[in-house]
Structure formats: structure tokens, C-alpha cells
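This is start03.pdb (PDB, C-alpha atoms).
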ATOM      1  CA  MET J   1     -69.212  33.881 -18.611
ATOM      2  CA  GLN J   2     -71.042  31.117 -16.739
ATOM      3  CA  TYR J   3     -72.695  30.074 -20.021
ATOM      4  CA  PHE J   4     -69.266  29.758 -21.687
ATOM      5  CA  ILE J   5     -67.895  27.582 -18.849
ATOM      6  CA  ASN J   6     -70.846  25.211 -18.998
ATOM      7  CA  ILE J   7     -70.590  24.817 -22.774
ATOM      8  CA  SER J   8     -66.826  24.156 -22.542
ATOM      9  CA  TRP J   9     -67.395  21.479 -19.920
ATOM     10  CA  ILE J  10     -70.019  19.780 -22.082
ATOM     11  CA  VAL J  11     -67.670  19.802 -25.080
ATOM     12  CA  LEU J  12     -64.829  18.335 -23.002
ATOM     13  CA  MET J  13     -67.038  15.586 -21.600
ATOM     14  CA  GLY J  14     -68.272  14.772 -25.082
ATOM     15  CA  TRP J  15     -64.671  14.442 -26.306
ATOM     16  CA  MET J  16     -63.783  12.095 -23.446
ATOM     17  CA  LEU J  17     -66.765   9.863 -24.128
ATOM     18  CA  THR J  18     -66.169   9.605 -27.876
ATOM     19  CA  SER J  19     -62.362   9.699 -28.106
ATOM     20  CA  CYS J  20     -61.993   5.912 -28.098
ATOM     21  CA  GLN J  21     -64.687   5.564 -30.743
ATOM     22  CA  SER J  22     -62.921   7.826 -33.236
ATOM     23  CA  ALA J  23     -59.853   5.645 -33.728
ATOM     24  CA  THR J  24     -59.339   2.202 -35.267
ATOM     25  CA  GLN J  25     -62.363  -0.025 -34.754
ATOM     26  CA  SER J  26     -62.195  -3.473 -33.150
ATOM     27  CA  GLU J  27     -62.180  -6.463 -35.424
ATOM     28  CA  GLU J  28     -61.864 -10.232 -35.345
ATOM     29  CA  GLU J  29     -59.361 -11.997 -37.568
ATOM     30  CA  PRO J  30     -58.864 -15.769 -37.949
ATOM     31  CA  SER J  31     -55.686 -16.980 -36.268
ATOM     32  CA  ASN J  32     -53.424 -19.750 -37.551
ATOM     33  CA  ASP J  33     -55.218 -22.241 -35.321
ATOM     34  CA  GLY J  34     -58.728 -23.091 -36.445
ATOM     35  CA  LEU J  35     -59.919 -23.249 -32.824
ATOM     36  CA  PHE J  36     -59.433 -19.531 -32.194
ATOM     37  CA  VAL J  37     -60.045 -16.053 -33.501
ATOM     38  CA  THR J  38     -57.894 -13.086 -32.495
ATOM     39  CA  TYR J  39     -59.715 -10.085 -31.075
ATOM     40  CA  THR J  40     -57.949  -6.826 -31.913
ATOM     41  CA  PHE J  41     -58.531  -3.511 -30.150
ATOM     42  CA  ASP J  42     -56.452  -0.477 -31.196
ATOM     43  CA  ARG J  43     -57.069   3.125 -30.124
ATOM     44  CA  SER J  44     -55.068   6.362 -30.147
ATOM     45  CA  SER J  45     -56.036   9.654 -28.538
ATOM     46  CA  SER J  46     -56.718  12.615 -30.792
ATOM     47  CA  GLU J  47     -53.436  14.310 -29.774
ATOM     48  CA  CYS J  48     -51.395  11.575 -31.475
ATOM     49  CA  GLN J  49     -52.006  13.132 -34.882
ATOM     50  CA  LEU J  50     -50.424  16.402 -33.739
ATOM     51  CA  ASP J  51     -47.650  15.481 -31.294
ATOM     52  CA  SER J  52     -46.252  12.023 -30.500
ATOM     53  CA  ASN J  53     -45.090  13.299 -27.105
ATOM     54  CA  ARG J  54     -48.641  14.274 -26.174
ATOM     55  CA  CYS J  55     -50.260  11.000 -27.112
ATOM     56  CA  ALA J  56     -52.013   8.085 -25.436
ATOM     57  CA  ARG J  57     -52.403   4.641 -27.019
ATOM     58  CA  PHE J  58     -54.429   1.623 -25.953
ATOM     59  CA  THR J  59     -54.029  -1.732 -27.736
ATOM     60  CA  ALA J  60     -55.113  -5.278 -26.990
ATOM     61  CA  ASN J  61     -54.847  -8.517 -28.966
ATOM     62  CA  TYR J  62     -56.021 -11.800 -27.485
ATOM     63  CA  PRO J  63     -57.414 -15.184 -28.586
ATOM     64  CA  MET J  64     -61.012 -16.309 -28.204
ATOM     65  CA  LEU J  65     -62.389 -19.811 -28.701
ATOM     66  CA  LYS J  66     -64.542 -20.283 -31.789
ATOM     67  CA  SER J  67     -67.915 -21.978 -31.670
ATOM     68  CA  GLY J  68     -68.298 -25.384 -33.254
ATOM     69  CA  PHE J  69     -65.356 -27.219 -31.684
ATOM     70  CA  PHE J  70     -66.754 -27.262 -28.123
ATOM     71  CA  VAL J  71     -70.246 -26.941 -26.689
ATOM     72  CA  ASP J  72     -71.456 -23.330 -26.739
ATOM     73  CA  SER J  73     -71.736 -23.068 -22.948
ATOM     74  CA  LEU J  74     -68.059 -24.039 -22.542
ATOM     75  CA  VAL J  75     -66.934 -21.578 -25.228
ATOM     76  CA  GLN J  76     -68.929 -18.768 -23.641
ATOM     77  CA  LYS J  77     -67.613 -19.536 -20.154
ATOM     78  CA  ILE J  78     -63.960 -19.572 -21.227
ATOM     79  CA  ASN J  79     -64.262 -16.498 -23.454
ATOM     80  CA  THR J  80     -66.030 -14.517 -20.725
ATOM     81  CA  GLN J  81     -63.244 -15.269 -18.245
ATOM     82  CA  THR J  82     -60.537 -14.440 -20.798
ATOM     83  CA  LYS J  83     -62.175 -11.118 -21.620
ATOM     84  CA  LEU J  84     -62.425 -10.242 -17.919
ATOM     85  CA  ALA J  85     -58.743 -11.122 -17.420
ATOM     86  CA  VAL J  86     -57.789  -8.812 -20.285
ATOM     87  CA  ILE J  87     -59.858  -5.980 -18.797
ATOM     88  CA  GLU J  88     -58.268  -6.538 -15.369
ATOM     89  CA  SER J  89     -54.783  -6.560 -16.911
ATOM     90  CA  THR J  90     -55.132  -2.896 -17.923
ATOM     91  CA  GLY J  91     -54.315  -1.999 -14.330
ATOM     92  CA  LEU J  92     -57.298   0.346 -14.246
ATOM     93  CA  GLU J  93     -60.115   0.140 -11.734
ATOM     94  CA  VAL J  94     -62.711  -2.419 -12.779
ATOM     95  CA  ASP J  95     -66.306  -2.130 -11.615
ATOM     96  CA  SER J  96     -69.762  -2.973 -12.899
ATOM     97  CA  ASP J  97     -69.658  -0.006 -15.285
ATOM     98  CA  ALA J  98     -66.260  -0.928 -16.768
ATOM     99  CA  SER J  99     -67.191  -4.182 -18.440
ATOM    100  CA  ASP J 100     -65.480  -3.659 -21.773
ATOM    101  CA  LEU J 101     -62.317  -2.257 -23.318
ATOM    102  CA  GLU J 102     -64.100   0.778 -24.740
ATOM    103  CA  THR J 103     -65.002   1.916 -21.233
ATOM    104  CA  GLN J 104     -61.487   1.229 -19.947
ATOM    105  CA  CYS J 105     -59.996   3.095 -22.889
ATOM    106  CA  SER J 106     -62.189   6.144 -22.314
ATOM    107  CA  SER J 107     -61.165   6.202 -18.659
ATOM    108  CA  PHE J 108     -57.479   5.915 -19.581
ATOM    109  CA  PHE J 109     -57.688   8.729 -22.137
ATOM    110  CA  ALA J 110     -59.565  10.932 -19.646
ATOM    111  CA  ASP J 111     -56.759  10.423 -17.111
ATOM    112  CA  TYR J 112     -54.258  11.384 -19.786
ATOM    113  CA  GLN J 113     -56.194  14.552 -20.565
ATOM    114  CA  GLU J 114     -56.028  15.487 -16.889
ATOM    115  CA  TYR J 115     -52.269  14.835 -16.907
ATOM    116  CA  LEU J 116     -51.842  17.125 -19.938
ATOM    117  CA  SER J 117     -53.780  19.898 -18.255
ATOM    118  CA  PHE J 118     -51.235  19.950 -15.395
ATOM    119  CA  SER J 119     -48.119  19.234 -17.504
ATOM    120  CA  THR J 120     -48.145  21.745 -20.302
ATOM    121  CA  GLU J 121     -44.401  21.758 -21.064
ATOM    122  CA  HIS J 122     -42.776  18.422 -20.258
ATOM    123  CA  THR J 123     -45.060  15.597 -21.310
ATOM    124  CA  LEU J 124     -44.616  11.923 -22.097
ATOM    125  CA  PRO J 125     -46.804   9.580 -24.118
ATOM    126  CA  TRP J 126     -48.863   7.055 -22.173
ATOM    127  CA  SER J 127     -49.681   3.568 -23.331
ATOM    128  CA  ILE J 128     -51.405   0.324 -22.447
ATOM    129  CA  ASP J 129     -50.439  -2.696 -24.516
ATOM    130  CA  ILE J 130     -51.961  -6.145 -23.936
ATOM    131  CA  LYS J 131     -51.021  -9.285 -25.829
ATOM    132  CA  GLY J 132     -52.657 -12.661 -25.353
ATOM    133  CA  GLU J 133     -51.515 -15.941 -26.864
ATOM    134  CA  VAL J 134     -52.296 -19.633 -26.633
ATOM    135  CA  ARG J 135     -49.295 -21.242 -24.954
ATOM    136  CA  TYR J 136     -50.540 -24.812 -24.763
ATOM    137  CA  GLN J 137     -53.584 -26.948 -25.431
ATOM    138  CA  ASP J 138     -54.331 -30.660 -25.220
ATOM    139  CA  ALA J 139     -57.491 -32.672 -24.644
ATOM    140  CA  GLN J 140     -57.619 -31.705 -20.951
ATOM    141  CA  VAL J 141     -56.248 -28.181 -20.533
ATOM    142  CA  LEU J 142     -55.901 -24.888 -22.376
ATOM    143  CA  ASN J 143     -53.333 -22.277 -21.367
ATOM    144  CA  ILE J 144     -53.599 -18.642 -22.473
ATOM    145  CA  ALA J 145     -50.921 -16.118 -21.487
ATOM    146  CA  ILE J 146     -51.924 -12.474 -21.031
ATOM    147  CA  GLN J 147     -48.988 -10.051 -21.082
ATOM    148  CA  SER J 148     -49.667  -6.420 -20.232
ATOM    149  CA  TYR J 149     -47.514  -3.311 -20.252
ATOM    150  CA  GLN J 150     -48.590   0.065 -18.936
ATOM    151  CA  PHE J 151     -46.643   3.315 -18.998
ATOM    152  CA  THR J 152     -48.042   6.436 -17.343
ATOM    153  CA  GLY J 153     -44.923   8.547 -17.004
ATOM    154  CA  GLY J 154     -43.185   6.778 -14.107
ATOM    155  CA  ALA J 155     -39.573   5.640 -13.811
ATOM    156  CA  HIS J 156     -40.303   2.524 -15.845
ATOM    157  CA  PRO J 157     -43.256   0.690 -17.414
ATOM    158  CA  ASN J 158     -45.321  -1.705 -15.355
ATOM    159  CA  GLY J 159     -45.362  -5.181 -16.851
ATOM    160  CA  ASN J 160     -47.306  -8.247 -15.810
ATOM    161  CA  THR J 161     -47.906 -11.746 -17.116
ATOM    162  CA  ARG J 162     -50.918 -13.827 -16.182
ATOM    163  CA  PHE J 163     -51.465 -17.440 -17.186
ATOM    164  CA  LEU J 164     -55.046 -18.656 -17.599
ATOM    165  CA  ASN J 165     -55.250 -22.435 -17.289
ATOM    166  CA  TYR J 166     -58.648 -23.806 -18.259
ATOM    167  CA  ASP J 167     -60.050 -27.270 -17.636
ATOM    168  CA  LEU J 168     -61.587 -28.117 -21.020
ATOM    169  CA  GLU J 169     -64.197 -30.377 -19.425
ATOM    170  CA  THR J 170     -65.661 -27.731 -17.114
ATOM    171  CA  GLY J 171     -64.330 -24.403 -18.420
ATOM    172  CA  ASN J 172     -63.087 -23.600 -14.908
ATOM    173  CA  LEU J 173     -59.897 -21.644 -14.294
ATOM    174  CA  LEU J 174     -57.396 -23.863 -12.514
ATOM    175  CA  GLY J 175     -55.474 -22.853  -9.406
ATOM    176  CA  TRP J 176     -52.908 -24.700  -7.334
ATOM    177  CA  ALA J 177     -55.589 -26.313  -5.174
ATOM    178  CA  ASP J 178     -57.190 -27.785  -8.301
ATOM    179  CA  ILE J 179     -54.086 -29.461  -9.726
ATOM    180  CA  LEU J 180     -51.870 -30.444  -6.795
ATOM    181  CA  ALA J 181     -52.185 -33.834  -5.135
ATOM    182  CA  ASP J 182     -49.518 -33.048  -2.524
ATOM    183  CA  SER J 183     -48.656 -29.416  -1.802
ATOM    184  CA  LEU J 184     -45.778 -30.114   0.577
ATOM    185  CA  ASP J 185     -44.047 -32.465  -1.844
ATOM    186  CA  PHE J 186     -44.498 -29.876  -4.575
ATOM    187  CA  ILE J 187     -42.731 -27.208  -2.485
ATOM    188  CA  ARG J 188     -39.919 -29.633  -1.645
ATOM    189  CA  LEU J 189     -39.521 -30.295  -5.367
ATOM    190  CA  ALA J 190     -39.722 -26.681  -6.553
ATOM    191  CA  GLU J 191     -37.568 -24.856  -3.978
ATOM    192  CA  PRO J 192     -34.194 -26.434  -4.946
ATOM    193  CA  ILE J 193     -34.836 -25.560  -8.600
ATOM    194  CA  PHE J 194     -35.711 -21.990  -7.634
ATOM    195  CA  ARG J 195     -32.471 -21.748  -5.648
ATOM    196  CA  ASN J 196     -30.485 -23.056  -8.593
ATOM    197  CA  VAL J 197     -32.060 -20.566 -11.017
ATOM    198  CA  ARG J 198     -31.323 -17.694  -8.617
ATOM    199  CA  ASP J 199     -27.879 -19.044  -7.650
ATOM    200  CA  ILE J 200     -28.753 -19.425  -3.983
ATOM    201  CA  GLY J 201     -26.995 -22.307  -2.252
ATOM    202  CA  PRO J 202     -28.942 -24.869  -0.203
ATOM    203  CA  GLU J 203     -27.191 -23.725   2.975
ATOM    204  CA  VAL J 204     -28.305 -20.119   2.589
ATOM    205  CA  ASP J 205     -31.287 -18.962   4.631
ATOM    206  CA  LEU J 206     -33.788 -17.969   1.960
ATOM    207  CA  GLU J 207     -35.461 -15.444   4.233
ATOM    208  CA  GLU J 208     -32.220 -13.417   4.365
ATOM    209  CA  THR J 209     -31.651 -13.210   0.598
ATOM    210  CA  GLY J 210     -34.226 -10.503  -0.059
ATOM    211  CA  PHE J 211     -36.489 -12.862  -1.963
ATOM    212  CA  PHE J 212     -40.044 -13.491  -0.794
ATOM    213  CA  TRP J 213     -39.763 -10.258   1.214
ATOM    214  CA  GLY J 214     -38.224 -12.032   4.169
ATOM    215  CA  ASP J 215     -40.659 -14.940   4.117
ATOM    216  CA  SER J 216     -40.196 -18.615   3.245
ATOM    217  CA  PHE J 217     -40.444 -20.147  -0.224
ATOM    218  CA  ARG J 218     -43.889 -20.279  -1.804
ATOM    219  CA  PRO J 219     -45.227 -21.172  -5.251
ATOM    220  CA  PRO J 220     -45.921 -18.240  -7.601
ATOM    221  CA  ASN J 221     -49.346 -16.878  -8.430
ATOM    222  CA  ASN J 222     -48.736 -18.026 -12.001
ATOM    223  CA  PHE J 223     -48.185 -21.430 -13.522
ATOM    224  CA  SER J 224     -48.777 -22.818 -16.986
ATOM    225  CA  PHE J 225     -49.052 -26.230 -18.548
ATOM    226  CA  GLU J 226     -46.616 -26.448 -21.451
ATOM    227  CA  LYS J 227     -45.193 -29.129 -23.692
ATOM    228  CA  GLU J 228     -41.979 -29.530 -21.673
ATOM    229  CA  GLY J 229     -43.542 -29.393 -18.237
ATOM    230  CA  LEU J 230     -45.179 -27.118 -15.683
ATOM    231  CA  ARG J 231     -43.827 -23.554 -15.870
ATOM    232  CA  LEU J 232     -43.625 -21.526 -12.650
ATOM    233  CA  PHE J 233     -43.535 -17.768 -13.203
ATOM    234  CA  TYR J 234     -42.949 -15.021 -10.615
ATOM    235  CA  ASN J 235     -43.805 -11.543 -11.868
ATOM    236  CA  THR J 236     -41.708  -8.483 -11.081
ATOM    237  CA  TYR J 237     -42.372  -7.282  -7.509
ATOM    238  CA  GLU J 238     -44.047 -10.586  -6.586
ATOM    239  CA  ILE J 239     -41.119 -11.907  -4.546
ATOM    240  CA  ALA J 240     -38.329  -9.337  -5.003
ATOM    241  CA  PRO J 241     -37.578  -5.702  -5.958
ATOM    242  CA  TYR J 242     -38.012  -4.523  -9.538
ATOM    243  CA  ALA J 243     -34.270  -4.683 -10.289
ATOM    244  CA  LEU J 244     -34.272  -8.476  -9.866
ATOM    245  CA  GLY J 245     -36.882  -8.902 -12.589
ATOM    246  CA  VAL J 246     -38.977 -12.005 -13.139
ATOM    247  CA  THR J 247     -38.115 -15.550 -12.118
ATOM    248  CA  GLU J 248     -39.302 -18.555 -14.091
ATOM    249  CA  PHE J 249     -38.439 -22.216 -14.499
ATOM    250  CA  ILE J 250     -39.986 -25.467 -15.697
ATOM    251  CA  LEU J 251     -40.647 -28.624 -13.692
ATOM    252  CA  PRO J 252     -40.617 -31.658 -16.031
ATOM    253  CA  TYR J 253     -43.775 -33.738 -15.993
ATOM    254  CA  THR J 254     -41.701 -36.828 -15.203
ATOM    255  CA  ASP J 255     -40.930 -35.283 -11.798
ATOM    256  CA  LEU J 256     -44.554 -34.454 -11.084
ATOM    257  CA  GLN J 257     -46.161 -37.884 -11.211
ATOM    258  CA  ASP J 258     -46.901 -37.998  -7.493
ATOM    259  CA  VAL J 259     -47.541 -34.301  -6.846
ATOM    260  CA  VAL J 260     -49.880 -33.217  -9.657
ATOM    261  CA  LYS J 261     -53.273 -34.895 -10.045
ATOM    262  CA  SER J 262     -53.134 -37.633 -12.643
ATOM    263  CA  LYS J 263     -55.919 -36.181 -14.837
ATOM    264  CA  TYR J 264     -53.647 -33.246 -15.663
ATOM    265  CA  LEU J 265     -50.752 -35.503 -16.609
ATOM    266  CA  GLU J 266     -52.612 -37.465 -19.264
ATOM    267  CA  PHE J 267     -51.423 -36.246 -22.646
ATOM    268  CA  ASP J 268     -52.331 -37.160 -26.207
TER     269      ASP J 268
END

Would you kindly transcribe this structure into C-alpha cells?
Amino acid sequence: MQYFINISWIVLMGWMLTSCQSATQSEEEPSNDGLFVTYTFDRSSSECQLDSNRCARFTANYPMLKSGFFVDSLVQKINTQTKLAVIESTGLEVDSDASDLETQCSSFFADYQEYLSFSTEHTLPWSIDIKGEVRYQDAQVLNIAIQSYQFTGGAHPNGNTRFLNYDLETGNLLGWADILADSLDFIRLAEPIFRNVRDIGPEVDLEETGFFWGDSFRPPNNFSFEKEGLRLFYNTYEIAPYALGVTEFILPYTDLQDVVKSKYLEFD
């Protein structure tokens, strides 16, 4: 009997390690923009062929810079950071051993197998779906949006959007400290627009509205350079309960002349 248990465990471990390899293989396809290729990753667990309610899927599509248009070191730096952001967006634990989507996928499918072993009657399909797209690019900055959705049987899927703003001179990811010339003026400019979008009057104490979890106004974790202006984007749960959803609005570049550093307001 002990021999049978050991063999079964080896077979199960072998399935978990190879399950992501047995589905659709990754491939690169040229996108409509000659600067980029689209990396496609698409996997389904073995159960999907038998029962769609006992099925786990893992998909990712995101753009990568092609060599030839920028120096190789810049391309490598940006692509490495984009790949890491995609891996982080799965919502799974990331460590030194989980450096690629294959590893993340195997971990996700193994978790699903454990779920199936405890839920033999009432089961739901699990999924991770990641989509990346180029939102904006000029001579100075490149913006890539990473949208991720994860469902693991809860009350609702978990969704998240992350904007990656790259300085095309250095390849560095840009944060608020990198682009703002005056943080206080930026907050004074952005808060009234936030209030208008959320229909909160100027006389209302923002800390009592339920937004920002009882704290004062603050810029979101996410912003993106776009053609019309600077987009501010608050993800679900970032400043309010799930039912209130996301909050987003655009600040026109004409209003940002004295608050955003001039190098990021020079357009072709």
C-alpha cells in the first residue's frame, strides 16, 4: 500500500509540473505598430476538455518593444520591467523561483487541483486573464496599460489596471516624484475634478464621504500620459468599497504647465 501511495504522489506531481506545457504554446505575433510585437500566452488545464465547470484557464497578451528602433539596452530594460509587471499582475506570489508565466501558471493550476479535491460536487471554473496594450507613445514617454482579471470562486472577479509609464531616454518607470514639479499645486488642481466626477460638493468634508477610507484626498497609484492629457485612475478598493467601482478622469495638459515637469509636456 505504501508503494501505491508513493507512485500516485509522483504521478500527481508530474501532472502539476507539466500541465501548463501541454496546452497552447506561447508565440510572438507582429502587432499593427512596427515598434512592438505581441507576446501571447494561453493555457488550459487538462480538465477543460472534459468539463467546463471543472476547468482553469490562464491567458496573457502584452506588447514588447522590438529591437532596431531603440538601443538594445533600452529595449531590454523596458521589456524586462513589462514582463515583471505582467507576472505581478497575476495576483500570485512572486519570488525568485517564479520568474516566468509558465511557473505562475503551474502554481495556479496546482491550486485549482487542490480546490477540486475538496469541492467534488459544486465547482466553478477559475481563470486569470491579462491584457496589455500601448496607450500612448511620443518621443519622450511610452505608456503601457496592464489589465488583469482573476476569478477563483469568490463573490466576484478581482480586476486591476496598472499603467507603466516609461521615460524613453532612460527606460525608467516614472512615478509621481519623477514627473511633478509642484505636488501641492497638483493636488489643488486634481481634487475639485475628482469631486465633480464623484458628485461631491466643495463644501462636503471629503473624509466623511467614505472615499479615501476616511483620509484626505491623494493622487492615485496609477496615472498615464495620453493624447488628451494626464489620466488619473483609482482601482477598485484603492479609495472606496468595491460597489463604488473605479474612478478616473483626465487633466488637460494645458492645465499642467506649472505642475508637471516641462520635459514631459514637450510633444511632437

- Item | Between CA of Glu102 (chain J) and CA of Asp51 (chain J) - distance in Å to one decimal | 23.0 Å

- Identify the residues within 9 Å of coordinate (-50.7, -6.7, -16.2) (same frame as the file), considering all atoms listed in the file, and give the answer as a ChimeraX atom specification. /J:86,88-91,130,146-150,158-162

Where's the centre, and what are the edge lengths in Å to one decimal, of a box along x, y and z enclosing all listed atoms of region 114-120 of chain J padded 4 Å per side, as JSON?
{"center_x": -52.1, "center_y": 18.3, "center_z": -17.8, "size_x": 15.9, "size_y": 14.9, "size_z": 12.9}

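CA of Ala60 (chain J) sits 17.3 Å away from CA of Pro125 (chain J).
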
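The space between CA of Leu206 (chain J) and CA of Ile239 (chain J) spans 11.5 Å.
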
- Residue with smallest distance to Pro252 (chain J) - pool J:Glu228, J:Thr236, J:Phe109, J:Tyr264, counting all atoms listed in the file: J:Glu228

- Message: Given all atoms listed in the file as the basis, pick out the residue of J:Asp182, J:Ala240, J:Gln76, J:Leu168 nearest to Glu208 (chain J).
- Response: J:Ala240
